[in-house]
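Visitor: Quick one: the structure is below, and I'll ask about it shortly.
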Protein chains: 2
Amino acid sequence: VVEHTVKGYDRELDTLERRIAEMGGIAEKMVVDAMDALANADTVLAHQVVAVDPRLDALQREIEDLTVMTIARRQPVAIDLRELIGAIRIAGDLERVGDLAKNIAKRTVRIGAEARVPRAIIGLKHMNEVATELLKDVLDAYAQRDEERAREVWERDVELDALEDSVFRDLLTHMMEDPRNISFCAHLLFCSKNIERIGDHATNIAETVVYLVTGQPMPPDRPRGRWDIDHIDIDAAGGDP
Amino acid sequence: VVEHTVKGYDRELDTLERRIAEMGGIAEKMVVDAMDALANADTVLAHQVVAVDPRLDALQREIEDLTVMTIARRQPVAIDLRELIGAIRIAGDLERVGDLAKNIAKRTVRIGAEARVPRAIIGLKHMNEVATELLKDVLDAYAQRDEERAREVWERDVELDALEDSVFRDLLTHMMEDPRNISFCAHLLFCSKNIERIGDHATNIAETVVYLVTGQPMPPDRPRGRWDIDHIDIDAAGGDP
(Lines give C-alpha, C1' and ligand atoms only; values in the text may rest on other atoms or scores of the structure.)
Protein backbone atom coordinates (compact mmCIF):
# COMPACT_ATOMS: atom_id res chain seq x y z
CA VAL A 1 0.00 0.00 0.00
CA VAL A 2 2.85 2.35 0.86
CA GLU A 3 4.52 1.63 -2.47
CA HIS A 4 1.26 2.28 -4.25
CA THR A 5 0.98 5.63 -2.49
CA VAL A 6 4.54 6.57 -3.36
CA LYS A 7 3.92 5.69 -7.00
CA GLY A 8 0.76 7.79 -6.97
CA TYR A 9 2.79 10.63 -5.54
CA ASP A 10 5.49 10.31 -8.22
CA ARG A 11 2.75 10.33 -10.84
CA GLU A 12 1.44 13.60 -9.39
CA LEU A 13 4.91 15.17 -9.53
CA ASP A 14 5.31 13.94 -13.14
CA THR A 15 2.00 15.46 -14.13
CA LEU A 16 3.05 18.76 -12.55
CA GLU A 17 6.30 18.79 -14.51
CA ARG A 18 4.55 18.01 -17.78
CA ARG A 19 2.06 20.80 -17.21
CA ILE A 20 4.87 23.26 -16.50
CA ALA A 21 6.72 22.16 -19.65
CA GLU A 22 3.52 22.75 -21.61
CA MET A 23 3.13 26.21 -20.08
CA GLY A 24 6.76 26.98 -20.92
CA GLY A 25 6.30 26.01 -24.57
CA ILE A 26 3.18 28.16 -24.92
CA ALA A 27 4.76 31.15 -23.17
CA GLU A 28 7.90 30.99 -25.34
CA LYS A 29 5.87 30.92 -28.54
CA MET A 30 3.73 33.84 -27.35
CA VAL A 31 6.83 35.96 -26.70
CA VAL A 32 8.24 35.25 -30.19
CA ASP A 33 4.89 35.73 -31.96
CA ALA A 34 4.06 38.95 -30.11
CA MET A 35 7.26 40.60 -31.35
CA ASP A 36 6.72 39.33 -34.91
CA ALA A 37 3.23 40.78 -34.79
CA LEU A 38 4.52 44.13 -33.53
CA ALA A 39 7.40 44.32 -36.01
CA ASN A 40 5.23 43.42 -39.01
CA ALA A 41 2.04 45.20 -37.90
CA ASP A 42 0.43 41.78 -38.17
CA THR A 43 -2.87 42.15 -36.32
CA VAL A 44 -4.00 38.63 -37.27
CA LEU A 45 -0.99 37.12 -35.47
CA ALA A 46 -1.54 39.56 -32.59
CA HIS A 47 -5.08 38.28 -32.14
CA GLN A 48 -3.77 34.71 -32.13
CA VAL A 49 -1.40 35.57 -29.28
CA VAL A 50 -4.27 37.06 -27.29
CA ALA A 51 -6.45 34.02 -28.05
CA VAL A 52 -3.94 31.49 -26.70
CA ASP A 53 -3.55 33.18 -23.30
CA PRO A 54 -6.59 31.57 -21.59
CA ARG A 55 -4.93 28.17 -22.11
CA LEU A 56 -1.98 29.40 -20.04
CA ASP A 57 -4.32 30.66 -17.32
CA ALA A 58 -6.16 27.33 -17.22
CA LEU A 59 -2.88 25.41 -16.93
CA GLN A 60 -1.75 27.64 -14.08
CA ARG A 61 -4.99 27.05 -12.20
CA GLU A 62 -4.67 23.31 -12.80
CA ILE A 63 -1.12 23.34 -11.43
CA GLU A 64 -2.18 25.32 -8.36
CA ASP A 65 -5.06 22.95 -7.63
CA LEU A 66 -2.92 19.85 -8.16
CA THR A 67 -0.20 21.22 -5.89
CA VAL A 68 -2.50 22.23 -3.07
CA MET A 69 -4.28 18.87 -3.21
CA THR A 70 -0.97 17.06 -3.14
CA ILE A 71 0.34 19.08 -0.18
CA ALA A 72 -2.85 18.50 1.81
CA ARG A 73 -3.06 14.79 0.96
CA ARG A 74 0.58 13.71 1.13
CA GLN A 75 1.98 15.93 3.87
CA PRO A 76 5.29 16.12 2.04
CA VAL A 77 8.45 17.15 3.82
CA ALA A 78 11.55 19.13 2.89
CA ILE A 79 12.63 18.34 -0.68
CA ASP A 80 9.19 17.29 -1.92
CA LEU A 81 7.61 20.37 -0.43
CA ARG A 82 10.20 22.44 -2.27
CA GLU A 83 9.23 20.76 -5.55
CA LEU A 84 5.60 21.64 -4.97
CA ILE A 85 6.21 25.23 -3.88
CA GLY A 86 8.58 25.57 -6.84
CA ALA A 87 5.91 24.35 -9.25
CA ILE A 88 3.42 26.97 -8.01
CA ARG A 89 6.01 29.74 -8.33
CA ILE A 90 7.16 28.79 -11.83
CA ALA A 91 3.57 28.42 -13.05
CA GLY A 92 2.88 31.92 -11.68
CA ASP A 93 5.88 33.37 -13.49
CA LEU A 94 4.99 31.68 -16.80
CA GLU A 95 1.42 32.89 -16.57
CA ARG A 96 2.71 36.44 -16.21
CA VAL A 97 5.15 36.01 -19.11
CA GLY A 98 2.10 35.12 -21.19
CA ASP A 99 0.30 38.25 -19.94
CA LEU A 100 3.26 40.42 -20.92
CA ALA A 101 3.41 38.90 -24.43
CA LYS A 102 -0.35 39.41 -24.65
CA ASN A 103 0.12 43.08 -23.71
CA ILE A 104 2.52 43.55 -26.62
CA ALA A 105 0.04 41.81 -28.93
CA LYS A 106 -2.85 43.98 -27.69
CA ARG A 107 -0.75 47.06 -28.17
CA THR A 108 0.00 45.98 -31.74
CA VAL A 109 -3.73 45.95 -32.39
CA ARG A 110 -4.19 49.28 -30.66
CA ILE A 111 -1.35 50.93 -32.61
CA GLY A 112 -3.01 49.69 -35.80
CA ALA A 113 -2.26 51.93 -38.75
CA GLU A 114 -0.67 54.73 -36.73
CA ALA A 115 2.42 56.35 -38.22
CA ARG A 116 5.10 53.72 -37.63
CA VAL A 117 8.81 54.33 -37.11
CA PRO A 118 10.43 51.06 -38.29
CA ARG A 119 13.95 51.89 -37.09
CA ALA A 120 12.53 52.46 -33.57
CA ILE A 121 11.67 48.75 -33.35
CA ILE A 122 15.19 47.42 -33.97
CA GLY A 123 16.25 47.76 -30.34
CA LEU A 124 13.07 46.07 -29.14
CA LYS A 125 13.66 43.11 -31.43
CA HIS A 126 17.09 42.66 -29.96
CA MET A 127 15.68 42.86 -26.42
CA ASN A 128 13.07 40.27 -27.32
CA GLU A 129 15.71 37.87 -28.66
CA VAL A 130 17.61 38.08 -25.37
CA ALA A 131 14.41 37.61 -23.35
CA THR A 132 13.42 34.57 -25.43
CA GLU A 133 16.86 33.06 -24.91
CA LEU A 134 16.75 33.61 -21.14
CA LEU A 135 13.31 32.02 -20.99
CA LYS A 136 14.38 29.01 -23.06
CA ASP A 137 17.56 28.53 -21.01
CA VAL A 138 15.83 28.75 -17.66
CA LEU A 139 13.18 26.23 -18.72
CA ASP A 140 15.96 23.85 -19.74
CA ALA A 141 17.66 24.52 -16.39
CA TYR A 142 14.41 23.61 -14.63
CA ALA A 143 13.88 20.43 -16.67
CA GLN A 144 17.42 19.29 -15.85
CA ARG A 145 17.54 20.74 -12.33
CA ASP A 146 20.73 22.45 -13.53
CA GLU A 147 21.76 24.98 -10.91
CA GLU A 148 24.73 26.33 -12.92
CA ARG A 149 22.61 27.07 -15.95
CA ALA A 150 20.01 28.76 -13.75
CA ARG A 151 22.70 30.98 -12.24
CA GLU A 152 23.84 31.98 -15.73
CA VAL A 153 20.34 33.16 -16.62
CA TRP A 154 20.16 35.01 -13.32
CA GLU A 155 23.41 36.82 -14.11
CA ARG A 156 22.55 37.58 -17.74
CA ASP A 157 19.40 39.50 -16.86
CA VAL A 158 21.49 42.67 -16.40
CA GLU A 159 22.08 42.61 -20.19
CA LEU A 160 18.38 43.08 -20.70
CA ASP A 161 18.28 45.95 -18.22
CA ALA A 162 21.12 47.70 -20.04
CA LEU A 163 19.35 47.18 -23.37
CA GLU A 164 16.11 48.60 -21.99
CA ASP A 165 17.92 51.70 -20.81
CA SER A 166 19.41 52.20 -24.26
CA VAL A 167 16.04 51.62 -25.96
CA PHE A 168 14.46 54.20 -23.63
CA ARG A 169 16.99 56.85 -24.69
CA ASP A 170 16.66 55.87 -28.34
CA LEU A 171 12.86 56.16 -28.30
CA LEU A 172 13.05 59.58 -26.63
CA THR A 173 15.37 60.74 -29.41
CA HIS A 174 12.89 59.63 -32.07
CA MET A 175 10.14 61.49 -30.24
CA MET A 176 12.14 64.69 -30.06
CA GLU A 177 13.08 64.51 -33.73
CA ASP A 178 9.52 64.53 -34.95
CA PRO A 179 6.30 64.98 -32.92
CA ARG A 180 4.55 62.61 -35.33
CA ASN A 181 6.66 59.81 -33.84
CA ILE A 182 5.51 60.50 -30.29
CA SER A 183 2.39 58.34 -30.12
CA PHE A 184 3.97 55.27 -31.74
CA CYS A 185 7.14 55.54 -29.66
CA ALA A 186 5.13 56.00 -26.45
CA HIS A 187 3.53 52.64 -27.17
CA LEU A 188 6.97 51.13 -27.78
CA LEU A 189 8.16 52.43 -24.39
CA PHE A 190 5.56 50.18 -22.77
CA CYS A 191 6.51 47.25 -25.01
CA SER A 192 10.17 47.54 -24.03
CA LYS A 193 9.16 47.57 -20.36
CA ASN A 194 7.08 44.43 -20.98
CA ILE A 195 10.08 42.67 -22.50
CA GLU A 196 12.29 43.71 -19.60
CA ARG A 197 9.74 42.22 -17.23
CA ILE A 198 9.73 38.95 -19.17
CA GLY A 199 13.44 38.83 -18.32
CA ASP A 200 12.57 39.47 -14.67
CA HIS A 201 10.30 36.44 -14.65
CA ALA A 202 13.04 34.31 -16.24
CA THR A 203 15.24 35.51 -13.36
CA ASN A 204 12.56 34.57 -10.83
CA ILE A 205 12.39 31.09 -12.34
CA ALA A 206 16.18 30.85 -12.13
CA GLU A 207 15.95 31.67 -8.41
CA THR A 208 13.31 28.99 -7.97
CA VAL A 209 15.50 26.40 -9.73
CA VAL A 210 18.42 27.24 -7.42
CA TYR A 211 16.06 26.96 -4.45
CA LEU A 212 14.79 23.59 -5.70
CA VAL A 213 18.27 22.17 -6.13
CA THR A 214 20.01 23.66 -3.09
CA GLY A 215 17.16 24.43 -0.68
CA GLN A 216 18.71 27.87 -0.29
CA PRO A 217 17.28 31.17 -1.51
CA MET A 218 19.51 33.30 -3.74
CA PRO A 219 21.70 35.84 -1.91
CA PRO A 220 19.98 39.14 -1.11
CA ASP A 221 22.39 41.10 -3.36
CA ARG A 222 20.77 39.62 -6.43
CA PRO A 223 20.76 41.86 -9.52
CA ARG A 224 17.02 42.38 -9.16
CA GLY A 225 14.20 41.75 -6.76
CA ARG A 226 11.80 38.83 -6.91
CA TRP A 227 8.60 38.96 -8.96
CA ASP A 228 7.91 41.63 -11.48
CA ILE A 229 9.84 44.60 -10.24
CA ASP A 230 9.78 47.40 -12.76
CA HIS A 231 13.50 47.83 -12.33
CA ILE A 232 15.09 51.25 -12.31
CA ASP A 233 18.73 51.84 -11.60
CA ILE A 234 18.92 54.73 -9.18
CA ASP A 235 22.62 55.21 -9.90
CA ALA A 236 21.85 56.09 -13.50
CA ALA A 237 19.80 59.06 -12.26
CA GLY A 238 19.13 62.07 -14.40
CA GLY A 239 21.08 61.01 -17.46
CA ASP A 240 18.28 60.91 -20.04
CA PRO A 241 18.84 62.80 -23.27
CA VAL B 1 -4.23 17.50 23.19
CA VAL B 2 -6.61 18.04 20.30
CA GLU B 3 -7.83 21.29 21.85
CA HIS B 4 -4.26 22.39 22.36
CA THR B 5 -3.52 21.67 18.69
CA VAL B 6 -6.58 23.55 17.54
CA LYS B 7 -5.58 26.52 19.69
CA GLY B 8 -2.07 26.40 18.25
CA TYR B 9 -3.61 26.38 14.80
CA ASP B 10 -5.83 29.37 15.57
CA ARG B 11 -2.78 31.18 16.87
CA GLU B 12 -1.00 30.51 13.58
CA LEU B 13 -3.94 31.89 11.59
CA ASP B 14 -4.04 34.95 13.90
CA THR B 15 -0.34 35.56 13.35
CA LEU B 16 -0.86 35.32 9.59
CA GLU B 17 -3.65 37.88 9.69
CA ARG B 18 -1.62 40.28 11.80
CA ARG B 19 1.33 40.02 9.41
CA ILE B 20 -0.92 40.73 6.44
CA ALA B 21 -2.45 43.73 8.22
CA GLU B 22 1.08 45.00 8.84
CA MET B 23 1.99 44.52 5.17
CA GLY B 24 -1.19 46.35 4.16
CA GLY B 25 -0.38 49.33 6.36
CA ILE B 26 3.16 49.60 5.00
CA ALA B 27 2.05 49.23 1.36
CA GLU B 28 -0.66 51.89 1.73
CA LYS B 29 1.80 54.38 3.21
CA MET B 30 4.33 53.65 0.44
CA VAL B 31 1.72 54.40 -2.25
CA VAL B 32 0.78 57.74 -0.64
CA ASP B 33 4.39 58.75 0.04
CA ALA B 34 5.61 57.81 -3.45
CA MET B 35 3.12 60.16 -5.08
CA ASP B 36 3.93 62.96 -2.60
CA ALA B 37 7.60 62.50 -3.43
CA LEU B 38 6.90 62.61 -7.17
CA ALA B 39 4.58 65.62 -6.99
CA ASN B 40 6.94 67.65 -4.78
CA ALA B 41 10.24 66.41 -6.30
CA ASP B 42 11.05 65.28 -2.76
CA THR B 43 14.00 62.93 -3.19
CA VAL B 44 14.45 62.51 0.57
CA LEU B 45 10.93 61.08 0.88
CA ALA B 46 11.54 59.01 -2.26
CA HIS B 47 14.58 57.41 -0.64
CA GLN B 48 12.50 56.65 2.47
CA VAL B 49 9.95 54.79 0.33
CA VAL B 50 12.73 52.73 -1.26
CA ALA B 51 14.27 52.04 2.17
CA VAL B 52 11.05 50.62 3.65
CA ASP B 53 10.51 48.05 0.88
CA PRO B 54 12.79 45.29 2.30
CA ARG B 55 10.51 45.16 5.36
CA LEU B 56 7.62 44.28 3.05
CA ASP B 57 9.71 41.58 1.33
CA ALA B 58 10.70 40.08 4.70
CA LEU B 59 7.07 39.99 5.85
CA GLN B 60 6.02 38.27 2.63
CA ARG B 61 8.68 35.61 3.08
CA GLU B 62 7.64 35.14 6.71
CA ILE B 63 4.02 34.68 5.64
CA GLU B 64 4.98 32.18 2.94
CA ASP B 65 7.08 30.15 5.37
CA LEU B 66 4.42 30.20 8.07
CA THR B 67 1.75 29.13 5.61
CA VAL B 68 3.73 26.27 4.09
CA MET B 69 4.70 25.01 7.55
CA THR B 70 1.09 25.17 8.66
CA ILE B 71 -0.18 23.31 5.58
CA ALA B 72 2.42 20.58 5.97
CA ARG B 73 1.92 20.23 9.73
CA ARG B 74 -1.86 20.57 10.09
CA GLN B 75 -3.15 18.99 6.87
CA PRO B 76 -5.97 21.50 6.77
CA VAL B 77 -9.07 20.87 4.72
CA ALA B 78 -11.46 23.02 2.68
CA ILE B 79 -12.08 26.33 4.43
CA ASP B 80 -8.81 26.41 6.39
CA LEU B 81 -6.83 25.59 3.29
CA ARG B 82 -8.55 28.50 1.57
CA GLU B 83 -7.47 30.81 4.39
CA LEU B 84 -3.87 29.71 3.96
CA ILE B 85 -3.81 29.92 0.16
CA GLY B 86 -5.54 33.30 0.46
CA ALA B 87 -2.85 34.55 2.84
CA ILE B 88 -0.08 33.62 0.38
CA ARG B 89 -1.88 35.33 -2.50
CA ILE B 90 -2.63 38.55 -0.62
CA ALA B 91 0.93 38.75 0.70
CA GLY B 92 2.17 38.38 -2.89
CA ASP B 93 -0.10 41.17 -4.11
CA LEU B 94 0.90 43.52 -1.29
CA GLU B 95 4.58 42.86 -1.92
CA ARG B 96 4.07 43.87 -5.54
CA VAL B 97 2.11 46.98 -4.56
CA GLY B 98 5.19 47.96 -2.56
CA ASP B 99 7.40 47.33 -5.59
CA LEU B 100 5.21 49.54 -7.75
CA ALA B 101 5.30 52.36 -5.19
CA LYS B 102 9.06 51.87 -4.98
CA ASN B 103 9.29 52.20 -8.77
CA ILE B 104 7.57 55.58 -8.61
CA ALA B 105 9.94 56.64 -5.83
CA LYS B 106 13.00 55.48 -7.80
CA ARG B 107 11.76 57.31 -10.84
CA THR B 108 11.38 60.48 -8.74
CA VAL B 109 15.07 60.22 -7.89
CA ARG B 110 15.97 59.50 -11.51
CA ILE B 111 13.93 62.44 -12.83
CA GLY B 112 15.78 64.65 -10.36
CA ALA B 113 16.02 68.23 -11.54
CA GLU B 114 14.79 67.53 -15.09
CA ALA B 115 12.45 70.11 -16.60
CA ARG B 116 9.18 69.39 -14.80
CA VAL B 117 5.67 69.91 -16.13
CA PRO B 118 3.59 70.42 -12.97
CA ARG B 119 0.19 70.33 -14.71
CA ALA B 120 1.10 66.92 -16.18
CA ILE B 121 1.06 65.43 -12.67
CA ILE B 122 -2.52 66.41 -11.80
CA GLY B 123 -4.05 63.37 -13.51
CA LEU B 124 -1.59 61.04 -11.83
CA LYS B 125 -2.43 62.44 -8.39
CA HIS B 126 -6.08 61.72 -9.03
CA MET B 127 -5.27 58.18 -10.18
CA ASN B 128 -3.20 57.66 -7.05
CA GLU B 129 -6.06 58.79 -4.80
CA VAL B 130 -8.37 56.24 -6.40
CA ALA B 131 -5.72 53.50 -6.14
CA THR B 132 -5.11 54.29 -2.45
CA GLU B 133 -8.86 54.15 -1.78
CA LEU B 134 -9.24 50.79 -3.53
CA LEU B 135 -6.32 49.40 -1.56
CA LYS B 136 -7.69 50.67 1.77
CA ASP B 137 -11.19 49.35 1.00
CA VAL B 138 -10.01 45.91 -0.05
CA LEU B 139 -7.87 45.54 3.08
CA ASP B 140 -10.92 46.41 5.19
CA ALA B 141 -12.94 43.90 3.16
CA TYR B 142 -10.31 41.25 3.95
CA ALA B 143 -10.20 42.09 7.67
CA GLN B 144 -13.99 41.80 7.88
CA ARG B 145 -14.36 38.96 5.33
CA ASP B 146 -16.83 41.32 3.63
CA GLU B 147 -17.67 39.87 0.22
CA GLU B 148 -19.89 42.80 -0.82
CA ARG B 149 -17.19 45.35 -0.14
CA ALA B 150 -14.67 43.24 -2.05
CA ARG B 151 -16.99 43.10 -5.05
CA GLU B 152 -17.32 46.90 -4.98
CA VAL B 153 -13.52 47.26 -5.21
CA TRP B 154 -13.48 44.75 -8.04
CA GLU B 155 -16.06 46.74 -9.97
CA ARG B 156 -14.47 50.13 -9.31
CA ASP B 157 -11.15 49.17 -10.87
CA VAL B 158 -12.53 50.16 -14.31
CA GLU B 159 -12.48 53.80 -13.07
CA LEU B 160 -8.73 53.56 -12.73
CA ASP B 161 -8.39 52.09 -16.23
CA ALA B 162 -10.41 54.94 -17.70
CA LEU B 163 -8.30 57.47 -15.81
CA GLU B 164 -5.09 55.88 -17.08
CA ASP B 165 -6.33 56.10 -20.64
CA SER B 166 -7.08 59.78 -20.19
CA VAL B 167 -3.69 60.43 -18.52
CA PHE B 168 -1.97 58.68 -21.46
CA ARG B 169 -3.62 61.01 -23.98
CA ASP B 170 -2.94 64.02 -21.77
CA LEU B 171 0.78 63.22 -21.45
CA LEU B 172 1.10 62.72 -25.21
CA THR B 173 -0.42 66.16 -25.74
CA HIS B 174 2.15 67.75 -23.42
CA MET B 175 4.92 65.96 -25.32
CA MET B 176 3.68 67.20 -28.67
CA GLU B 177 3.32 70.76 -27.42
CA ASP B 178 6.97 71.09 -26.45
CA PRO B 179 9.82 68.60 -27.03
CA ARG B 180 11.37 69.75 -23.74
CA ASN B 181 8.44 68.02 -21.98
CA ILE B 182 9.14 64.65 -23.61
CA SER B 183 11.61 63.14 -21.16
CA PHE B 184 9.67 64.12 -18.03
CA CYS B 185 6.34 62.99 -19.49
CA ALA B 186 7.85 59.68 -20.67
CA HIS B 187 8.75 58.99 -17.03
CA LEU B 188 5.21 59.90 -15.99
CA LEU B 189 3.80 57.41 -18.52
CA PHE B 190 5.52 54.65 -16.56
CA CYS B 191 4.30 56.08 -13.25
CA SER B 192 0.70 56.09 -14.44
CA LYS B 193 1.08 52.47 -15.53
CA ASN B 194 2.47 51.64 -12.08
CA ILE B 195 -0.56 53.21 -10.41
CA GLU B 196 -2.93 51.33 -12.70
CA ARG B 197 -1.20 48.10 -11.71
CA ILE B 198 -1.61 48.94 -8.01
CA GLY B 199 -5.33 48.96 -8.80
CA ASP B 200 -4.96 45.56 -10.47
CA HIS B 201 -3.46 44.14 -7.29
CA ALA B 202 -6.31 45.60 -5.23
CA THR B 203 -8.63 43.79 -7.67
CA ASN B 204 -6.67 40.56 -7.21
CA ILE B 205 -7.04 40.89 -3.43
CA ALA B 206 -10.78 41.48 -3.90
CA GLU B 207 -10.97 38.23 -5.87
CA THR B 208 -9.11 36.43 -3.11
CA VAL B 209 -11.52 37.79 -0.46
CA VAL B 210 -14.51 36.56 -2.49
CA TYR B 211 -12.80 33.17 -2.84
CA LEU B 212 -12.12 33.05 0.92
CA VAL B 213 -15.73 33.80 1.81
CA THR B 214 -17.55 31.81 -0.88
CA GLY B 215 -15.03 29.18 -1.94
CA GLN B 216 -15.80 30.20 -5.52
CA PRO B 217 -13.49 32.00 -7.94
CA MET B 218 -14.80 35.18 -9.53
CA PRO B 219 -16.61 34.73 -12.86
CA PRO B 220 -14.33 34.62 -15.92
CA ASP B 221 -15.88 37.79 -17.37
CA ARG B 222 -14.16 39.85 -14.69
CA PRO B 223 -13.12 43.35 -15.76
CA ARG B 224 -9.45 42.29 -15.74
CA GLY B 225 -7.27 39.22 -15.54
CA ARG B 226 -5.62 37.94 -12.41
CA TRP B 227 -2.20 39.13 -11.32
CA ASP B 228 -0.50 42.12 -12.82
CA ILE B 229 -1.86 42.32 -16.33
CA ASP B 230 -0.70 45.49 -18.01
CA HIS B 231 -4.25 46.08 -19.14
CA ILE B 232 -5.01 47.46 -22.56
CA ASP B 233 -8.49 47.92 -23.91
CA ILE B 234 -8.46 46.59 -27.46
CA ASP B 235 -11.79 48.23 -28.20
CA ALA B 236 -10.25 51.66 -27.68
CA ALA B 237 -7.84 50.92 -30.55
CA GLY B 238 -6.12 53.60 -32.50
CA GLY B 239 -7.70 56.60 -30.84
CA ASP B 240 -4.62 58.29 -29.47
CA PRO B 241 -4.19 61.96 -30.21
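Just so we're on the same page: first chain in the C-alpha coordinates is A, next is B, and so on; residues restart at 1 for each chain, and ligands are numbered from 1 in the order they show up.
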Write out as a CSV table (one decimal) with N, CA and C atoms, in the first residue's frame which residues come within 7 Å of range 126-135 of chain B when counting only C-alpha atoms, dropping same-chain ones fewer than 4 positions away.
Guide:
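Result written to around.csv:
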```csv
chain,number,residue,atom,x,y,z
B,28,GLU,N,0.2,50.7,1.9
B,28,GLU,CA,-0.7,51.9,1.7
B,28,GLU,C,0.2,53.2,1.9
B,31,VAL,N,2.4,53.9,-1.1
B,31,VAL,CA,1.7,54.4,-2.3
B,31,VAL,C,1.5,55.9,-2.1
B,122,ILE,N,-1.2,66.3,-12.4
B,122,ILE,CA,-2.5,66.4,-11.8
B,122,ILE,C,-3.3,65.1,-12.0
B,139,LEU,N,-8.5,46.1,1.9
B,139,LEU,CA,-7.9,45.5,3.1
B,139,LEU,C,-8.9,45.5,4.2
B,153,VAL,N,-14.9,46.9,-4.8
B,153,VAL,CA,-13.5,47.3,-5.2
B,153,VAL,C,-13.3,46.7,-6.6
B,160,LEU,N,-10.2,53.3,-12.7
B,160,LEU,CA,-8.7,53.6,-12.7
B,160,LEU,C,-8.2,53.3,-14.2
B,163,LEU,N,-9.2,56.4,-16.2
B,163,LEU,CA,-8.3,57.5,-15.8
B,163,LEU,C,-6.9,57.3,-16.5
B,195,ILE,N,0.6,53.0,-11.2
B,195,ILE,CA,-0.6,53.2,-10.4
B,195,ILE,C,-1.7,52.3,-10.9
B,198,ILE,N,-1.3,49.0,-9.4
B,198,ILE,CA,-1.6,48.9,-8.0
B,198,ILE,C,-3.1,48.6,-7.9
B,199,GLY,N,-3.9,49.3,-8.8
B,199,GLY,CA,-5.3,49.0,-8.8
B,199,GLY,C,-5.6,47.5,-9.2
B,202,ALA,N,-5.1,45.5,-6.1
B,202,ALA,CA,-6.3,45.6,-5.2
B,202,ALA,C,-7.4,44.7,-5.7
```
Visitor: Residues at most 8 Å from Ile205 in chain A, counting only C-alpha atoms, excluding those fewer than 3 positions away in the same chain, as a list in words?
Guide: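 Non-adjacent residues within range: Arg89, Ile90, Asp93, Val138, His201, Ala202, Thr208 and Val209 of chain A.
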Visitor: May I have the residues within 9 Å of Gln60 in chain B as an MDAnalysis selection string, using only C-alpha atoms and disregarding those fewer than 4 positions away in the same chain?
Guide: chainID B and resid 19:20 23 55:56 64:65 88 91:92 94:95
